[in-house]
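Chemist: For reference, this is model_1.txt, and it has compact mmCIF, C-alpha atoms.
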```txt
# COMPACT_ATOMS: atom_id res chain seq x y z
CA MET L 1 174.60 122.45 83.71
CA ILE L 2 172.83 122.47 80.41
CA ALA L 3 174.65 119.31 79.44
CA ALA L 4 173.35 117.67 82.59
CA VAL L 5 169.75 117.98 81.48
CA PRO L 6 169.78 115.59 78.53
CA ARG L 7 171.99 113.28 80.49
CA ALA L 8 169.48 113.17 83.32
CA ALA L 9 166.74 112.53 80.80
CA THR L 10 168.52 109.63 79.13
CA THR L 11 169.47 107.86 82.33
CA ALA L 12 165.98 108.13 83.74
CA ASP L 13 164.56 105.01 82.20
CA ALA L 14 165.01 101.36 82.98
CA PHE L 15 166.77 100.57 79.69
CA ASN L 16 169.52 103.06 80.34
CA ALA L 17 169.75 102.12 83.98
CA VAL L 18 170.72 98.56 83.04
CA ALA L 19 172.88 99.57 80.07
CA GLU L 20 175.89 99.95 82.38
CA PRO L 21 177.45 96.56 83.25
CA ARG L 22 178.27 97.60 86.82
CA ARG L 23 174.66 98.50 87.45
CA ARG L 24 173.55 95.12 86.15
CA GLN L 25 176.06 93.57 88.52
CA ILE L 26 174.52 95.50 91.41
CA LEU L 27 171.08 94.22 90.42
CA ASP L 28 172.43 90.67 90.20
CA VAL L 29 173.81 90.93 93.74
CA LEU L 30 170.57 92.45 95.05
CA ALA L 31 168.58 89.68 93.36
CA GLY L 32 170.01 87.49 96.12
CA GLY L 33 168.47 89.70 98.81
CA GLU L 34 168.76 93.02 100.60
CA ARG L 35 172.33 94.26 101.08
CA PRO L 36 174.15 97.16 102.75
CA VAL L 37 176.35 99.28 100.50
CA ASN L 38 179.53 97.74 101.96
CA ASP L 39 178.52 94.34 100.58
CA LEU L 40 178.09 95.88 97.16
CA VAL L 41 181.46 97.62 97.38
CA ARG L 42 183.06 94.25 98.19
CA ALA L 43 181.16 92.33 95.53
CA LEU L 44 181.98 94.81 92.78
CA GLY L 45 185.48 95.70 93.85
CA LEU L 46 184.79 99.40 93.27
CA ALA L 47 185.25 102.42 95.49
CA GLN L 48 182.20 103.36 97.50
CA PRO L 49 181.59 106.73 95.74
CA GLN L 50 181.31 104.89 92.41
CA VAL L 51 178.94 102.32 93.83
CA SER L 52 176.86 105.11 95.34
CA LYS L 53 176.73 106.87 91.99
CA HIS L 54 175.37 103.74 90.31
CA LEU L 55 172.89 103.23 93.14
CA ARG L 56 171.59 106.76 92.60
CA VAL L 57 170.84 105.99 88.95
CA LEU L 58 169.13 102.74 89.88
CA ARG L 59 167.09 104.47 92.56
CA ALA L 60 166.09 107.22 90.12
CA VAL L 61 164.29 104.66 87.95
CA GLY L 62 162.94 102.78 90.94
CA ALA L 63 164.93 99.62 90.21
CA VAL L 64 166.42 99.77 93.69
CA ASP L 65 164.76 100.77 96.98
CA VAL L 66 166.61 101.81 100.10
CA ARG L 67 165.71 101.81 103.78
CA GLY L 68 167.59 102.83 106.87
CA ASP L 69 168.31 100.15 109.47
CA GLY L 70 170.14 101.65 112.42
CA ARG L 71 173.39 103.05 111.05
CA GLN L 72 173.15 101.05 107.85
CA ARG L 73 171.28 101.75 104.67
CA LEU L 74 169.95 98.60 103.05
CA TYR L 75 169.34 98.34 99.33
CA ARG L 76 166.99 95.93 97.61
CA LEU L 77 165.84 95.07 94.10
CA ASN L 78 162.48 96.22 92.80
CA GLY L 79 161.87 94.02 89.76
CA ARG L 80 158.68 95.81 88.81
CA ALA L 81 160.61 98.93 87.75
CA LEU L 82 162.34 96.77 85.14
CA LYS L 83 159.05 95.69 83.63
CA PRO L 84 159.42 97.94 80.54
CA ILE L 85 162.42 95.82 79.56
CA HIS L 86 160.40 92.68 80.03
CA ASP L 87 157.52 94.12 77.98
CA TRP L 88 159.86 95.04 75.17
CA VAL L 89 160.82 91.41 74.66
CA LYS L 90 157.28 90.22 75.36
CA ASP L 91 156.05 91.75 72.10
CA TYR L 92 158.53 89.73 70.14
CA GLU L 93 157.66 86.67 72.20
CA ARG L 94 153.98 87.15 71.37
CA THR L 95 154.73 87.03 67.65
CA TRP L 96 156.51 83.73 68.05
CA SER L 97 153.80 82.33 70.30
CA GLU L 98 151.17 83.04 67.68
CA ARG L 99 153.38 81.66 64.95
CA PHE L 100 153.80 78.45 66.91
CA GLU L 101 150.09 78.20 67.62
CA GLN L 102 149.55 78.18 63.87
CA LEU L 103 152.27 75.57 63.59
CA ASP L 104 150.35 73.42 66.13
CA VAL L 105 147.40 73.47 63.74
CA VAL L 106 149.61 72.44 60.81
CA LEU L 107 151.12 69.64 62.90
CA GLU L 108 147.71 68.30 63.91
CA GLY L 109 146.89 68.07 60.21
CA LEU L 110 150.15 66.27 59.45
CA LYS L 111 149.61 63.79 62.26
CA LYS L 112 146.13 62.96 60.95
CA THR L 113 147.43 62.51 57.41
CA GLU L 114 150.21 60.26 58.62
CA GLY L 115 147.97 58.23 60.91
CA GLY L 116 145.10 58.04 58.43
CA GLY L 117 147.42 56.92 55.64
CA GLY L 118 147.77 53.57 57.41
CA GLY L 119 151.00 51.61 57.43
CA ASP L 120 152.63 53.75 60.11
CA GLU L 121 155.77 51.66 60.53
CA MET S 1 148.41 69.19 73.75
CA THR S 2 151.10 71.38 75.20
CA SER S 3 150.50 72.49 78.76
CA SER S 4 151.59 76.00 77.95
CA ARG S 5 151.28 77.08 74.37
CA SER S 6 153.65 79.90 74.83
CA ALA S 7 157.06 80.35 73.29
CA THR S 8 159.86 81.42 75.58
CA VAL S 9 162.20 84.16 74.44
CA THR S 10 165.36 84.97 76.35
CA LEU S 11 168.48 87.00 75.58
CA PRO S 12 171.39 84.83 76.73
CA THR S 13 174.06 87.32 75.61
CA ASP S 14 174.08 90.84 74.19
CA GLU S 15 174.08 89.48 70.63
CA GLN S 16 171.68 86.54 70.92
CA ILE S 17 167.99 85.74 70.99
CA LEU S 18 166.92 82.29 72.13
CA ILE S 19 163.42 81.03 71.33
CA THR S 20 162.14 77.69 72.61
CA ARG S 21 158.84 75.86 72.31
CA GLU S 22 157.58 72.33 72.75
CA PHE S 23 155.28 70.67 70.23
CA ASP S 24 152.92 67.76 70.61
CA ALA S 25 154.24 66.04 67.49
CA PRO S 26 157.26 63.94 66.52
CA ARG S 27 160.17 65.91 65.19
CA HIS S 28 160.06 64.64 61.61
CA LEU S 29 156.69 66.38 61.34
CA VAL S 30 157.93 69.58 62.97
CA TYR S 31 160.85 69.52 60.54
CA GLU S 32 158.49 68.95 57.63
CA ALA S 33 156.31 71.89 58.69
CA TRP S 34 159.42 74.03 59.12
CA THR S 35 160.93 73.27 55.71
CA THR S 36 157.97 72.82 53.32
CA PRO S 37 156.95 76.08 51.60
CA GLU S 38 153.23 75.31 51.48
CA LEU S 39 153.24 74.46 55.19
CA VAL S 40 155.40 77.42 56.19
CA LYS S 41 152.84 79.69 54.54
CA ARG S 42 150.25 78.38 56.95
CA TRP S 43 152.03 79.25 60.19
CA TRP S 44 154.85 81.73 59.76
CA HIS S 45 152.52 84.74 59.31
CA ALA S 46 151.67 84.60 63.03
CA ASN S 47 148.21 85.99 62.25
CA ARG S 48 149.75 89.30 61.27
CA GLY S 49 149.20 89.12 57.55
CA GLU S 50 149.45 86.85 54.55
CA MET S 51 152.59 85.18 53.30
CA THR S 52 152.96 85.77 49.60
CA VAL S 53 156.35 84.13 49.14
CA ALA S 54 157.91 81.10 50.86
CA GLU S 55 160.85 79.86 48.84
CA ILE S 56 163.03 77.15 50.30
CA ASP S 57 165.98 75.61 48.48
CA LEU S 58 166.87 73.10 51.14
CA ARG S 59 170.51 72.29 50.54
CA VAL S 60 173.75 73.72 51.87
CA GLY S 61 174.32 76.96 49.97
CA GLY S 62 170.65 77.03 48.94
CA ARG S 63 168.61 80.13 49.65
CA TRP S 64 165.32 80.83 51.37
CA ARG S 65 163.07 83.86 51.16
CA TYR S 66 159.85 84.71 53.01
CA VAL S 67 157.63 87.68 52.18
CA MET S 68 154.58 88.68 54.14
CA VAL S 69 152.05 91.39 53.43
CA ALA S 70 151.13 92.54 56.91
CA ASP S 71 147.61 93.55 57.77
CA GLY S 72 148.60 97.21 57.67
CA GLY S 73 149.36 96.76 53.94
CA PHE S 74 153.13 96.98 54.19
CA GLU S 75 155.42 94.20 53.08
CA VAL S 76 158.16 92.58 55.12
CA ALA S 77 160.72 90.31 53.52
CA PHE S 78 163.46 88.05 54.88
CA HIS S 79 166.00 85.90 53.17
CA GLY S 80 169.06 83.82 53.88
CA GLU S 81 171.22 80.89 52.93
CA TYR S 82 171.39 77.40 54.40
CA ARG S 83 174.76 76.62 55.98
CA GLU S 84 174.14 73.27 57.60
CA ILE S 85 171.34 70.72 57.23
CA VAL S 86 170.84 67.62 59.35
CA PRO S 87 167.36 66.36 58.37
CA ASN S 88 164.89 66.28 61.29
CA GLU S 89 167.55 67.50 63.69
CA ARG S 90 169.27 70.74 62.92
CA LEU S 91 169.27 73.63 60.46
CA VAL S 92 171.74 76.49 60.33
CA SER S 93 171.01 79.42 58.04
CA THR S 94 171.70 83.10 57.69
CA GLU S 95 168.82 85.55 58.07
CA VAL S 96 168.52 89.08 56.75
CA TYR S 97 165.57 91.39 57.23
CA GLU S 98 165.56 93.14 53.88
CA ALA S 99 164.77 96.54 55.39
CA MET S 100 167.98 96.27 57.43
CA PRO S 101 170.34 94.49 55.04
CA ASP S 102 173.45 95.13 57.15
CA ALA S 103 172.14 93.14 60.07
CA GLN S 104 172.76 89.56 59.05
CA ALA S 105 172.04 87.01 61.74
CA LEU S 106 172.91 83.33 61.95
CA ASP S 107 169.97 81.12 62.96
CA THR S 108 170.43 77.67 64.42
CA VAL S 109 167.31 75.61 64.97
CA THR S 110 167.40 72.19 66.60
CA PHE S 111 164.64 69.67 67.14
CA ALA S 112 164.83 67.19 70.02
CA GLU S 113 162.22 64.49 70.36
CA GLU S 114 161.10 62.82 73.55
CA ASN S 115 158.06 60.57 73.93
CA GLY S 116 156.64 61.72 70.63
CA ARG S 117 156.97 65.40 71.56
CA THR S 118 159.48 67.83 70.12
CA LEU S 119 161.43 70.62 71.72
CA ALA S 120 162.38 73.23 69.13
CA THR S 121 165.21 75.58 70.02
CA LEU S 122 165.97 78.55 67.79
CA LEU S 123 169.11 80.54 68.49
CA VAL S 124 169.51 83.82 66.61
CA GLN S 125 173.09 85.08 66.68
CA HIS S 126 173.59 88.70 65.65
CA THR S 127 176.93 90.39 65.08
CA SER S 128 176.24 93.31 67.41
CA LYS S 129 173.98 94.29 70.25
CA GLU S 130 172.55 97.13 68.13
CA HIS S 131 171.36 94.66 65.52
CA ARG S 132 170.03 92.27 68.13
CA ASP S 133 168.15 95.08 69.87
CA ALA S 134 166.73 96.32 66.57
CA HIS S 135 165.54 92.79 65.83
CA VAL S 136 163.79 92.30 69.16
CA GLY S 137 162.55 95.84 69.38
CA SER S 138 161.54 96.25 65.74
CA GLY S 139 158.92 98.94 65.82
CA MET S 140 160.55 100.85 68.63
CA GLU S 141 162.17 104.11 67.69
CA ASP S 142 164.57 104.63 70.51
CA GLY S 143 168.08 103.38 70.09
CA LEU S 144 168.10 101.10 73.06
CA GLN S 145 171.33 100.71 74.92
CA ASP S 146 170.22 98.06 77.29
CA ALA S 147 171.64 94.69 77.79
CA LEU S 148 169.03 92.27 78.85
CA ASP S 149 170.82 89.45 80.55
CA LEU S 150 168.60 90.41 83.47
CA LEU S 151 165.49 89.58 81.61
CA GLU S 152 164.80 86.11 82.88
CA GLN S 153 165.44 87.19 86.41
CA VAL S 154 163.05 90.09 86.00
CA ALA S 155 160.42 87.85 84.48
CA VAL S 156 160.72 85.53 87.45
CA SER S 157 160.47 88.39 89.91
CA LEU S 158 157.21 89.52 88.29
CA ARG S 159 155.47 86.17 88.63
```
As structure tokens, what does this structure read like?
Modeler:
Amino acid sequence: MIAAVPRAATTADAFNAVAEPRRRQILDVLAGGERPVNDLVRALGLAQPQVSKHLRVLRAVGAVDVRGDGRQRLYRLNGRALKPIHDWVKDYERTWSERFEQLDVVLEGLKKTEGGGGGDE
Amino acid sequence: MTSSRSATVTLPTDEQILITREFDAPRHLVYEAWTTPELVKRWWHANRGEMTVAEIDLRVGGRWRYVMVADGGFEVAFHGEYREIVPNERLVSTEVYEAMPDAQALDTVTFAEENGRTLATLLVQHTSKEHRDAHVGSGMEDGLQDALDLLEQVAVSLR
């Protein structure tokens, strides 16, 4: 039981939820729309208990929502829960965006020099 | 002027980073700005500090080294070696962040021109997901175990 505590803690964020390839596969399938668990079982070629286990992890971080529809339970993707992953890369992207904005300034200068030098063949 | 001035970063595989950006200039000028030390010093800092070193020995086997003193006062340094050079079109070089010397990446940058504009594509190929993640997440303490092939999809779903 004690061992279960750190494990629960480490799986309870979006990064860990998508670290497992099968869980990414589930998200890929759900990106196409809401699906009952049987569809996921078929798409992944896994036994239902394993699929359910992965769905529990995904639900724990909010990446997947579930609703009952008659006898079926339908699962769907909630992209917003994966936003921390997006933000992580965004920081890096911001650095490059600013770098390139400086490069735009340099290029404007080069274009002027080239144009102003005359004889642009 | 570019319609969106923003670079796009995606993670096509567990070991790669792909950066793309369009420029309102012909590619020989983008190439010149990319490979001339005095010009590199004017843009590579990304407004995060001052570049003190930009050495470029532009020939196959030649080395490059960039050093920046960031606004916080600390220094970051990168270096590598040119592996392939096709003027105005394509550069392949290694890249090492000197604080993490084991994580050597291979960078391939290509410039494609259309109607006087240039699409620059920079592919960073790491040798492991750990190194790739450390590169993207530099500054984050957690050893991230994610694989972000979902990223583009997520970005689209947030629009």
Chemist: Residues of chain L within 9 Å of chain S, counting all atoms listed in the file - could you list those as a count of residues only?
Modeler: 42
Chemist: With only C-alpha atoms as the atoms that count, which of S:Leu18, S:Ala70, S:Ala112, S:Ala77 lies nearest to Val53 in chain S?
Modeler: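 Of the candidates, the smallest distance to Val53 in chain S is held by S:Ala77.
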Chemist: Quote the spacing between CA of Thr127 in chain S and CA of Gln104 in chain S in Å to one decimal place.
Modeler: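 Taking CA of Thr127 in chain S and CA of Gln104 in chain S, their separation equals 7.4 Å.
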Chemist: Hey, can you check how far CA of Thr108 in chain S sits from CA of Leu123 in chain S?
Modeler: 5.2 Å
Chemist: Mind pulling up the distance from CA of Tyr66 in chain S to CA of Met51 in chain S?
Modeler: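 CA of Tyr66 in chain S lies at a distance of 7.3 Å from CA of Met51 in chain S.
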Chemist: Return the single residue from L:Ala81, L:Asp13, L:Val41, L:Gln48 that is closest to Ile26 in chain L, with distances computed using all atoms listed in the file.
Modeler: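 Residue with the minimum atom-to-atom distance to Ile26 in chain L: L:Val41.
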Chemist: Neighbouring residues of range 82-99 of chain S were defined as those with any atom within 8 Å, considering all atoms listed in the file; residues of the same chain fewer than 6 positions away were excluded. Please report them as number ranges by chain.
Modeler: S: 27-28, 30-32, 58-64, 76, 105-112
Chemist: For Ala60 in chain L, work out the shell of residues within 9 Å, counting only C-alpha atoms and skipping chain neighbours fewer than 4 positions away, then give it as a VMD selection string.
Modeler: chain L and resid 11 to 13 17 55 to 56 64
Chemist: Next, dump the selected residues to file, keeping only C-alpha atoms, as a PDB file, keeping the file's coordinate frame.
Modeler:
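Saved as selection21.pdb:
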```
ATOM      1  CA  THR L  11     169.470 107.860  82.330  1.00  0.00           C
ATOM      2  CA  ALA L  12     165.980 108.130  83.740  1.00  0.00           C
ATOM      3  CA  ASP L  13     164.560 105.010  82.200  1.00  0.00           C
ATOM      4  CA  ALA L  17     169.750 102.120  83.980  1.00  0.00           C
ATOM      5  CA  LEU L  55     172.890 103.230  93.140  1.00  0.00           C
ATOM      6  CA  ARG L  56     171.590 106.760  92.600  1.00  0.00           C
ATOM      7  CA  VAL L  64     166.420  99.770  93.690  1.00  0.00           C
TER       8      VAL L  64
END
```
Chemist: For Ser52 in chain L, find every residue with an atom within 12 Å (counting only C-alpha atoms), except residues of its own chain fewer than 4 positions away, and show them as an MDAnalysis selection string.
Modeler: chainID L and resid 22:23 26 36:38 40:41 44 46:48 56:59 64 66 73 75
Chemist: Name the residues in contact with Arg76 in chain L at a cut-off of 7 Å, using only C-alpha atoms, excluding same-chain residues fewer than 6 positions from it; report them as a list of chain:residue names.
Modeler: L:Leu30, L:Gly33, L:Glu34, L:Arg35, L:Val64, L:Asp65, L:Val66
